[in-house]
>>> print(open('protein.txt').read())   # compact mmCIF, C-alpha atoms
# COMPACT_ATOMS: atom_id res chain seq x y z
CA MET A 2 15.04 164.53 212.98
CA PRO A 3 15.56 164.26 216.77
CA GLU A 4 12.89 166.03 218.77
CA LEU A 5 13.03 167.42 222.29
CA PRO A 6 13.06 164.06 224.15
CA GLU A 7 15.91 162.67 222.05
CA VAL A 8 18.00 165.82 222.44
CA GLU A 9 17.35 165.98 226.17
CA THR A 10 18.31 162.31 226.47
CA VAL A 11 21.62 163.03 224.72
CA ARG A 12 22.25 166.05 226.96
CA ARG A 13 21.65 163.99 230.09
CA GLY A 14 23.97 161.28 228.81
CA LEU A 15 26.77 163.75 228.13
CA GLU A 16 26.44 165.82 231.28
CA PRO A 17 28.14 163.46 233.77
CA VAL A 18 31.16 163.14 231.47
CA LEU A 19 31.51 166.66 230.04
CA SER A 20 30.25 168.99 232.75
CA GLY A 21 33.36 170.20 234.59
CA ALA A 22 35.69 168.43 232.16
CA ARG A 23 38.69 170.12 230.57
CA LEU A 24 39.36 169.52 226.89
CA VAL A 25 42.98 168.59 226.27
CA GLU A 26 42.57 168.00 222.55
CA VAL A 27 39.87 168.55 219.93
CA LEU A 28 40.16 166.90 216.56
CA VAL A 29 38.18 168.47 213.68
CA ARG A 30 38.31 166.10 210.73
CA ARG A 31 36.43 168.10 208.10
CA PRO A 32 35.67 171.80 207.49
CA ASP A 33 31.90 171.59 207.75
CA LEU A 34 28.71 169.64 208.24
CA ARG A 35 25.46 171.36 207.35
CA ARG A 36 27.32 174.66 207.68
CA PRO A 37 31.02 175.49 207.99
CA PHE A 38 32.48 174.93 211.42
CA PRO A 39 33.47 178.05 213.39
CA PRO A 40 36.97 179.30 212.52
CA ARG A 41 39.81 177.79 214.55
CA LEU A 42 37.35 175.54 216.38
CA ALA A 43 39.92 173.06 217.67
CA GLU A 44 42.28 175.82 218.80
CA ARG A 45 39.54 177.74 220.60
CA LEU A 46 38.30 174.65 222.45
CA THR A 47 41.59 173.05 223.44
CA GLY A 48 42.42 173.76 227.06
CA ARG A 49 38.95 175.12 227.87
CA GLN A 50 36.83 173.75 230.69
CA ILE A 51 33.19 172.87 230.07
CA THR A 52 31.08 174.43 232.82
CA GLY A 53 27.74 172.84 231.96
CA LEU A 54 25.32 171.53 229.34
CA ARG A 55 21.88 172.92 228.59
CA ARG A 56 19.14 172.25 226.09
CA ARG A 57 17.15 174.88 224.20
CA ALA A 58 14.48 173.46 221.90
CA LYS A 59 16.30 170.88 219.74
CA TYR A 60 19.77 172.30 220.45
CA ILE A 61 22.38 171.45 223.08
CA LEU A 62 24.43 174.31 224.48
CA ILE A 63 27.86 173.36 225.81
CA ASP A 64 28.90 176.17 228.17
CA LEU A 65 32.61 177.04 228.37
CA GLU A 66 34.66 178.87 230.96
CA GLY A 67 34.77 182.54 230.09
CA GLY A 68 31.11 182.59 229.02
CA ASP A 69 31.33 181.34 225.43
CA ALA A 70 29.24 178.38 224.35
CA LEU A 71 29.12 175.75 221.65
CA LEU A 72 25.73 175.24 220.01
CA LEU A 73 25.17 171.66 218.88
CA HIS A 74 22.44 170.43 216.54
CA LEU A 75 22.31 166.71 215.80
CA GLY A 76 20.54 167.00 212.46
CA MET A 77 19.02 163.85 210.96
CA SER A 78 21.65 161.28 211.89
CA GLY A 79 24.01 162.97 214.33
CA ARG A 80 25.14 161.01 217.40
CA MET A 81 27.35 161.87 220.34
CA VAL A 82 29.27 158.70 221.14
CA LEU A 83 31.00 158.21 224.50
CA SER A 84 34.17 156.17 224.94
CA PRO A 85 35.76 155.59 228.37
CA ALA A 86 39.22 156.15 226.88
CA ARG A 87 40.94 157.16 223.66
CA PRO A 88 39.73 154.73 220.94
CA ASN A 89 42.33 152.91 218.85
CA THR A 90 40.55 153.88 215.64
CA LEU A 91 37.97 156.44 214.60
CA GLU A 92 34.96 155.76 212.41
CA ALA A 93 34.62 157.38 209.01
CA HIS A 94 31.83 159.68 210.21
CA ASP A 95 33.47 160.77 213.47
CA HIS A 96 33.78 164.37 212.36
CA VAL A 97 34.69 166.10 215.63
CA VAL A 98 36.37 164.34 218.55
CA PHE A 99 36.58 165.80 222.06
CA TYR A 100 39.33 164.40 224.31
CA THR A 101 38.95 165.19 228.02
CA GLU A 102 41.67 165.50 230.62
CA ALA A 103 40.10 162.75 232.72
CA GLY A 104 40.22 160.28 229.82
CA PRO A 105 36.70 159.88 228.36
CA VAL A 106 36.28 160.81 224.70
CA VAL A 107 33.16 162.13 222.94
CA ARG A 108 32.80 161.72 219.18
CA PHE A 109 30.34 163.72 217.08
CA ASN A 110 29.37 161.15 214.47
CA ASP A 111 27.07 162.23 211.63
CA ALA A 112 26.69 160.00 208.58
CA ARG A 113 24.38 162.34 206.64
CA ARG A 114 26.15 165.52 207.72
CA PHE A 115 23.00 167.51 208.52
CA GLY A 116 24.21 168.38 212.02
CA SER A 117 25.99 171.57 212.98
CA LEU A 118 28.27 173.23 215.52
CA ASP A 119 28.12 176.99 216.07
CA TRP A 120 30.13 179.25 218.35
CA ILE A 121 28.32 181.71 220.62
CA GLU A 122 30.37 184.51 222.10
CA ALA A 123 29.81 185.40 225.74
CA GLY A 124 26.69 187.54 226.07
CA ALA A 125 25.49 186.92 222.51
CA GLU A 126 23.19 183.95 223.10
CA ALA A 127 19.92 185.91 223.11
CA GLY A 128 20.66 187.35 219.68
CA HIS A 129 21.86 184.17 218.01
CA PRO A 130 19.79 183.64 214.82
CA LEU A 131 18.99 180.02 215.71
CA LEU A 132 17.78 180.88 219.21
CA ARG A 133 16.40 184.41 219.30
CA ASP A 134 12.92 183.68 217.91
CA LEU A 135 12.20 180.41 219.71
CA GLY A 136 9.01 180.08 221.72
CA PRO A 137 8.73 178.88 225.33
CA GLU A 138 10.01 175.52 226.46
CA PRO A 139 7.04 173.12 226.72
CA LEU A 140 8.24 171.58 229.99
CA GLU A 141 8.71 174.93 231.71
CA ALA A 142 6.25 177.30 233.35
CA GLY A 143 6.28 179.68 230.38
CA PHE A 144 4.21 177.18 228.41
CA SER A 145 0.82 177.23 230.10
CA ALA A 146 -2.82 177.02 229.10
CA GLU A 147 -3.08 180.78 229.48
CA THR A 148 -0.07 181.66 227.33
CA PHE A 149 -0.86 179.04 224.68
CA ALA A 150 -4.49 180.16 224.45
CA LYS A 151 -3.26 183.67 223.63
CA ALA A 152 -0.98 182.25 220.94
CA LEU A 153 -3.96 180.50 219.34
CA GLU A 154 -6.25 183.52 219.23
CA GLY A 155 -7.37 184.20 215.66
CA ARG A 156 -5.10 181.50 214.21
CA LEU A 157 -6.71 179.75 211.23
CA ALA A 158 -3.81 177.31 210.92
CA PRO A 159 -4.41 173.70 211.97
CA ILE A 160 -3.55 173.11 215.60
CA LYS A 161 -0.86 170.61 214.66
CA ALA A 162 0.90 173.25 212.53
CA VAL A 163 0.94 175.58 215.54
CA LEU A 164 2.45 172.87 217.75
CA LEU A 165 5.21 172.42 215.17
CA ASP A 166 5.85 176.16 214.89
CA GLN A 167 9.04 176.70 216.89
CA HIS A 168 8.10 180.36 217.36
CA GLN A 169 5.06 179.30 219.41
CA VAL A 170 6.51 176.41 221.41
CA ALA A 171 10.06 175.09 221.15
CA GLY A 172 11.19 171.53 220.55
CA ILE A 173 8.01 169.69 219.54
CA GLY A 174 8.22 167.67 216.33
CA ASN A 175 5.90 165.50 214.32
CA ILE A 176 5.93 162.41 216.53
CA TYR A 177 5.10 164.10 219.81
CA ALA A 178 2.59 166.50 218.27
CA CYS A 179 0.62 163.50 217.00
CA GLU A 180 0.81 161.71 220.34
CA ALA A 181 -0.15 164.79 222.38
CA LEU A 182 -3.13 165.62 220.14
CA TYR A 183 -4.37 162.05 220.49
CA LYS A 184 -4.01 162.15 224.26
CA ALA A 185 -5.89 165.47 224.39
CA ARG A 186 -8.60 164.18 221.98
CA VAL A 187 -8.02 167.04 219.52
CA HIS A 188 -8.09 166.49 215.74
CA PRO A 189 -4.81 167.63 214.12
CA ALA A 190 -6.66 169.58 211.41
CA ARG A 191 -8.81 171.64 213.78
CA PRO A 192 -8.30 175.38 213.28
CA ALA A 193 -6.27 176.55 216.23
CA LYS A 194 -8.65 179.41 217.03
CA ASP A 195 -11.56 176.99 217.49
CA LEU A 196 -10.12 175.14 220.47
CA THR A 197 -11.98 175.78 223.70
CA ARG A 198 -10.13 176.83 226.82
CA ALA A 199 -10.71 173.34 228.24
CA GLU A 200 -9.20 171.77 225.12
CA VAL A 201 -6.20 174.09 225.25
CA SER A 202 -5.63 173.16 228.88
CA SER A 203 -5.93 169.47 228.07
CA LEU A 204 -3.51 169.81 225.15
CA VAL A 205 -0.90 171.66 227.20
CA GLU A 206 -1.02 168.97 229.85
CA ALA A 207 -0.85 166.25 227.19
CA VAL A 208 2.25 167.83 225.63
CA LYS A 209 3.99 167.98 228.99
CA GLU A 210 3.08 164.41 229.91
CA VAL A 211 3.99 162.88 226.55
CA LEU A 212 7.38 164.63 226.50
CA ALA A 213 8.17 163.71 230.10
CA VAL A 214 7.34 160.03 229.53
CA ALA A 215 9.36 160.01 226.29
CA ILE A 216 12.42 161.46 228.05
CA THR A 217 12.16 158.79 230.74
CA ALA A 218 12.06 156.17 227.96
CA GLY A 219 15.20 157.60 226.35
CA GLY A 220 13.35 159.12 223.39
CA SER A 221 12.26 157.26 220.26
CA THR A 222 14.61 155.26 218.05
CA LEU A 223 13.09 155.00 214.59
CA ARG A 224 16.32 155.06 212.60
CA ASP A 225 19.43 156.79 213.94
CA HIS A 226 18.82 157.97 217.50
CA GLN A 227 21.06 156.45 220.16
CA GLN A 228 21.92 157.58 223.64
CA PRO A 229 25.59 158.52 224.15
CA ASN A 230 26.25 155.15 225.80
CA GLY A 231 24.91 153.35 222.73
CA GLU A 232 21.51 152.41 224.16
CA LEU A 233 18.42 152.95 222.02
CA GLY A 234 15.32 154.90 222.98
CA TYR A 235 12.17 152.93 223.75
CA PHE A 236 9.28 155.38 223.53
CA GLN A 237 8.39 154.08 220.05
CA HIS A 238 6.96 151.00 221.79
CA ARG A 239 4.42 153.31 223.49
CA PHE A 240 3.16 155.09 220.38
CA GLN A 241 -0.62 155.31 220.45
CA VAL A 242 -1.09 156.69 216.93
CA TYR A 243 2.20 157.59 215.26
CA GLY A 244 2.98 155.17 212.44
CA ARG A 245 -0.05 153.01 213.30
CA ALA A 246 -2.40 153.81 210.42
CA GLY A 247 -4.96 151.04 209.96
CA GLU A 248 -4.53 149.62 213.45
CA ALA A 249 -7.28 149.62 216.05
CA CYS A 250 -7.49 152.67 218.30
CA ALA A 251 -6.26 151.77 221.79
CA ARG A 252 -9.09 153.82 223.31
CA CYS A 253 -11.95 152.84 221.00
CA GLY A 254 -10.83 149.26 220.45
CA HIS A 255 -12.05 147.74 217.21
CA ALA A 256 -14.71 150.44 216.84
CA ALA A 257 -12.22 152.73 215.10
CA ARG A 258 -8.97 152.59 213.17
CA ILE A 259 -6.04 154.97 213.25
CA GLU A 260 -6.11 157.20 210.17
CA ARG A 261 -3.38 159.11 208.35
CA LEU A 262 -3.50 162.45 206.58
CA VAL A 263 -0.76 164.63 205.13
CA GLN A 264 -0.37 168.15 206.48
CA SER A 265 2.29 170.39 204.94
CA GLY A 266 4.15 167.35 203.68
CA ARG A 267 4.12 165.52 207.03
CA SER A 268 2.04 162.55 208.07
CA SER A 269 -0.48 163.05 210.84
CA PHE A 270 -1.93 160.04 212.63
CA PHE A 271 -5.19 160.24 214.57
CA CYS A 272 -8.45 158.54 215.52
CA ALA A 273 -11.41 160.31 213.94
CA THR A 274 -13.74 158.87 216.59
CA CYS A 275 -12.02 160.20 219.71
CA GLN A 276 -10.39 163.20 218.02
CA PRO A 277 -13.41 164.87 216.41
>>> encode(input="protein.txt", output="structure tokens")
Amino acid sequence: MPELPEVETVRRGLEPVLSGARLVEVLVRRPDLRRPFPPRLAERLTGRQITGLRRRAKYILIDLEGGDALLLHLGMSGRMVLSPARPNTLEAHDHVVFYTEAGPVVRFNDARRFGSLDWIEAGAEAGHPLLRDLGPEPLEAGFSAETFAKALEGRLAPIKAVLLDQHQVAGIGNIYACEALYKARVHPARPAKDLTRAEVSSLVEAVKEVLAVAITAGGSTLRDHQQPNGELGYFQHRFQVYGRAGEACARCGHAARIERLVQSGRSSFFCATCQP
């Protein structure tokens, strides 16, 4: 599932082409993906100008003139594919195709069909069920050592579970939680309430740094993620712990090996020596 860096990479790839563009045709080739598409989607989009693109957690918001917005979730295998002009043929999994007045075409391709498109009426964004309960953005000022320390007070849950809780902080997934905990030297199974203020501060900074570096690298391509221009992400080549069980710890050298444990059905990777 794409995490914050992958979604932000896609948003940045789409922005130069879609922001300010007018849609002259929208082709909807099936009635649904993970959920049914909004009624009359093609009709409501055709002729509208896109005023901007934003990201909230793992969602992309495509703002439209008049104040409405399209909420895009890539799901497990969703890709937004850019073409400089109208393609001669469409692929089997090109489910929604956006044709712009200037010529470029964007195809929402989703082989597994776990993605989604939702319509948000003007003024209704704050109450949308997929957005209303999200926590602060980890790369913005609202996610700080002070605010995160308050969120951890009295929490018996493992710190990694709190990082993955979208109500506490938005957009972090399994990969970047593992990498941030390693960077901050915090064991993923530590009860959240037991972290010291210094550890919380270190973890907040680690989250911000890991995400920022991953965005610069174009995200991580483990299976399906591609940038809109077809390029892959490269952050997977910088993984310190994720997927590296049994390998030597980059910090401890051969004195320790990366270990793996399962937490709530997800693999956690860590070094027991430098993440006590």
>>> residues_around(input="protein.txt", residues="region 194-198 of chain A", least_positions_apart="4", cutoff="9 Å", atoms="only C-alpha atoms", output="number ranges by chain")
A: 146-147, 150, 153-160, 187, 202-203
>>> write_last_selection(input="protein.txt", atoms="C-alpha atoms", output="PDB file, in the frame of the given file")
ATOM      1  CA  ALA A 146      -2.820 177.020 229.100  1.00  0.00           C
ATOM      2  CA  GLU A 147      -3.080 180.780 229.480  1.00  0.00           C
ATOM      3  CA  ALA A 150      -4.490 180.160 224.450  1.00  0.00           C
ATOM      4  CA  LEU A 153      -3.960 180.500 219.340  1.00  0.00           C
ATOM      5  CA  GLU A 154      -6.250 183.520 219.230  1.00  0.00           C
ATOM      6  CA  GLY A 155      -7.370 184.200 215.660  1.00  0.00           C
ATOM      7  CA  ARG A 156      -5.100 181.500 214.210  1.00  0.00           C
ATOM      8  CA  LEU A 157      -6.710 179.750 211.230  1.00  0.00           C
ATOM      9  CA  ALA A 158      -3.810 177.310 210.920  1.00  0.00           C
ATOM     10  CA  PRO A 159      -4.410 173.700 211.970  1.00  0.00           C
ATOM     11  CA  ILE A 160      -3.550 173.110 215.600  1.00  0.00           C
ATOM     12  CA  VAL A 187      -8.020 167.040 219.520  1.00  0.00           C
ATOM     13  CA  SER A 202      -5.630 173.160 228.880  1.00  0.00           C
ATOM     14  CA  SER A 203      -5.930 169.470 228.070  1.00  0.00           C
TER      15      SER A 203
END
>>> closest_residue(input="protein.txt", among="A:Leu28, A:Ile61, A:Ala181, A:Met77", to="Lys209 (chain A)", atoms="all atoms listed in the file")
A:Ala181
>>> residues_around(input="protein.txt", residues="Leu83 (chain A)", least_positions_apart="2", cutoff="7 Å", atoms="only C-alpha atoms", output="PyMOL selection string")
chain A and resi 81+85+106-108+229-230
>>> atom_distance(input="protein.txt", atom1="CA of Gly79 (chain A)", atom2="CA of Glu180 (chain A)")
24.0 Å
>>> closest_residue(input="protein.txt", among="A:Ser268, A:Ser78, A:Ser221, A:Ser84", to="His238 (chain A)", atoms="all atoms listed in the file")
A:Ser221
>>> atom_distance(input="protein.txt", atom1="CA of Arg113 (chain A)", atom2="CA of Phe38 (chain A)")
15.7 Å
>>> residues_around(input="protein.txt", residues="Pro130 (chain A)", least_positions_apart="4", cutoff="12 Å", atoms="all atoms listed in the file", output="JSON, numbers by chain")
{"A": [72, 119, 120, 121, 125, 126, 134, 135]}
>>> closest_residue(input="protein.txt", among="A:Ser265, A:Ala171, A:Val211, A:Val205", to="Arg133 (chain A)", atoms="only C-alpha atoms")
A:Ala171
>>> residues_around(input="protein.txt", residues="region 240-256 of chain A", least_positions_apart="2", cutoff="8 Å", atoms="all atoms listed in the file", output="number ranges by chain")
A: 176, 179-180, 183, 236-238, 258-261, 269-272, 274-275
>>> closest_residue(input="protein.txt", among="A:Glu7, A:Glu210, A:Glu66, A:Glu26", to="Gly104 (chain A)", atoms="all atoms listed in the file")
A:Glu26
>>> closest_residue(input="protein.txt", among="A:Arg57, A:Arg41, A:Arg49, A:Arg12", to="Gln167 (chain A)", atoms="only C-alpha atoms")
A:Arg57
>>> closest_residue(input="protein.txt", among="A:Glu44, A:Val82, A:Gln264, A:Ala22", to="Glu232 (chain A)", atoms="all atoms listed in the file")
A:Val82
>>> residues_around(input="protein.txt", residues="Asp33 (chain A)", least_positions_apart="2", cutoff="9 Å", atoms="all atoms listed in the file", output="list in words")
Arg30, Arg31, Arg35, Arg36, Pro37, Phe38, Pro39, His96, Arg114, Ser117 and Leu118 of chain A
>>> write_last_selection(input="protein.txt", atoms="C-alpha atoms", output="PDB file, keeping the file's coordinate frame")
ATOM      1  CA  ARG A  30      38.310 166.100 210.730  1.00  0.00           C
ATOM      2  CA  ARG A  31      36.430 168.100 208.100  1.00  0.00           C
ATOM      3  CA  ARG A  35      25.460 171.360 207.350  1.00  0.00           C
ATOM      4  CA  ARG A  36      27.320 174.660 207.680  1.00  0.00           C
ATOM      5  CA  PRO A  37      31.020 175.490 207.990  1.00  0.00           C
ATOM      6  CA  PHE A  38      32.480 174.930 211.420  1.00  0.00           C
ATOM      7  CA  PRO A  39      33.470 178.050 213.390  1.00  0.00           C
ATOM      8  CA  HIS A  96      33.780 164.370 212.360  1.00  0.00           C
ATOM      9  CA  ARG A 114      26.150 165.520 207.720  1.00  0.00           C
ATOM     10  CA  SER A 117      25.990 171.570 212.980  1.00  0.00           C
ATOM     11  CA  LEU A 118      28.270 173.230 215.520  1.00  0.00           C
TER      12      LEU A 118
END
>>> residues_near_point(input="protein.txt", point="(13.3, 157.7, 229.9)", cutoff="9 Å", atoms="all atoms listed in the file", output="PyMOL selection string")
chain A and resi 6+10+213-220+234-236
>>> atom_distance(input="protein.txt", atom1="CA of Thr101 (chain A)", atom2="CA of Val27 (chain A)")
8.8 Å
>>> decode(input="protein.txt", residues="region 235-260 of chain A", atoms="N, CA, C and O atoms", output="short mmCIF file (atom, residue, chain, number, x, y, z; two decimals), in the first residue's frame")
data_model
loop_
_atom_site.label_atom_id
_atom_site.label_comp_id
_atom_site.auth_asym_id
_atom_site.auth_seq_id
_atom_site.Cartn_x
_atom_site.Cartn_y
_atom_site.Cartn_z
N TYR A 235 13.26 5.10 -5.41
CA TYR A 235 14.57 4.51 -5.11
C TYR A 235 14.89 4.44 -3.62
O TYR A 235 15.99 4.04 -3.25
N PHE A 236 13.93 4.81 -2.76
CA PHE A 236 14.26 4.82 -1.33
C PHE A 236 14.50 3.41 -0.80
O PHE A 236 15.19 3.24 0.22
N GLN A 237 13.99 2.37 -1.46
CA GLN A 237 14.19 1.01 -0.99
C GLN A 237 15.68 0.66 -0.93
O GLN A 237 16.08 -0.22 -0.17
N HIS A 238 16.50 1.35 -1.71
CA HIS A 238 17.94 1.09 -1.68
C HIS A 238 18.59 1.70 -0.44
O HIS A 238 19.78 1.43 -0.18
N ARG A 239 17.83 2.50 0.32
CA ARG A 239 18.36 3.14 1.53
C ARG A 239 17.77 2.52 2.80
O ARG A 239 18.02 3.03 3.88
N PHE A 240 16.98 1.48 2.66
CA PHE A 240 16.41 0.85 3.86
C PHE A 240 17.54 0.43 4.81
O PHE A 240 18.50 -0.23 4.40
N GLN A 241 17.37 0.78 6.08
CA GLN A 241 18.31 0.36 7.10
C GLN A 241 17.88 -0.94 7.77
O GLN A 241 18.72 -1.75 8.15
N VAL A 242 16.56 -1.12 7.92
CA VAL A 242 16.06 -2.32 8.59
C VAL A 242 14.96 -3.03 7.83
O VAL A 242 14.87 -4.26 7.86
N TYR A 243 14.10 -2.29 7.14
CA TYR A 243 12.92 -2.91 6.53
C TYR A 243 13.32 -3.98 5.52
O TYR A 243 14.11 -3.74 4.60
N GLY A 244 12.79 -5.19 5.72
CA GLY A 244 13.06 -6.29 4.82
C GLY A 244 14.46 -6.85 4.91
O GLY A 244 14.86 -7.66 4.06
N ARG A 245 15.22 -6.50 5.95
CA ARG A 245 16.63 -6.90 6.03
C ARG A 245 16.90 -7.86 7.19
O ARG A 245 18.01 -7.90 7.72
N ALA A 246 15.90 -8.61 7.59
CA ALA A 246 16.08 -9.56 8.69
C ALA A 246 17.26 -10.49 8.41
O ALA A 246 17.40 -11.04 7.32
N GLY A 247 18.12 -10.65 9.44
CA GLY A 247 19.28 -11.52 9.32
C GLY A 247 20.54 -10.83 8.84
O GLY A 247 21.64 -11.37 8.96
N GLU A 248 20.40 -9.63 8.30
CA GLU A 248 21.57 -8.89 7.84
C GLU A 248 22.20 -8.12 9.00
O GLU A 248 21.57 -7.86 10.02
N ALA A 249 23.46 -7.74 8.83
CA ALA A 249 24.16 -7.00 9.86
C ALA A 249 23.58 -5.60 10.02
O ALA A 249 23.18 -4.98 9.03
N CYS A 250 23.48 -5.15 11.24
CA CYS A 250 23.02 -3.79 11.51
C CYS A 250 24.04 -2.79 10.97
O CYS A 250 25.24 -2.92 11.24
N ALA A 251 23.59 -1.79 10.25
CA ALA A 251 24.50 -0.81 9.67
C ALA A 251 25.19 0.02 10.73
O ALA A 251 26.28 0.55 10.51
N ARG A 252 24.59 0.14 11.92
CA ARG A 252 25.18 0.92 12.99
C ARG A 252 26.11 0.07 13.84
O ARG A 252 27.20 0.50 14.22
N CYS A 253 25.67 -1.16 14.15
CA CYS A 253 26.45 -2.03 15.04
C CYS A 253 27.43 -2.92 14.27
O CYS A 253 28.24 -3.62 14.89
N GLY A 254 27.35 -2.91 12.96
CA GLY A 254 28.20 -3.79 12.17
C GLY A 254 27.83 -5.24 12.39
O GLY A 254 26.66 -5.60 12.49
N HIS A 255 28.84 -6.09 12.49
CA HIS A 255 28.59 -7.52 12.64
C HIS A 255 28.26 -7.90 14.09
O HIS A 255 28.08 -9.07 14.39
N ALA A 256 28.21 -6.90 14.98
CA ALA A 256 27.90 -7.21 16.37
C ALA A 256 26.42 -7.54 16.57
O ALA A 256 26.03 -8.11 17.58
N ALA A 257 25.58 -7.18 15.61
CA ALA A 257 24.15 -7.43 15.76
C ALA A 257 23.53 -7.67 14.39
O ALA A 257 24.02 -7.21 13.36
N ARG A 258 22.42 -8.39 14.40
CA ARG A 258 21.68 -8.68 13.18
C ARG A 258 20.29 -8.06 13.27
O ARG A 258 19.72 -7.96 14.36
N ILE A 259 19.77 -7.67 12.12
CA ILE A 259 18.41 -7.15 12.08
C ILE A 259 17.44 -8.30 12.38
O ILE A 259 17.57 -9.39 11.83
N GLU A 260 16.49 -8.03 13.27
CA GLU A 260 15.51 -9.03 13.67
C GLU A 260 14.12 -8.66 13.12
O GLU A 260 13.88 -7.51 12.74
#
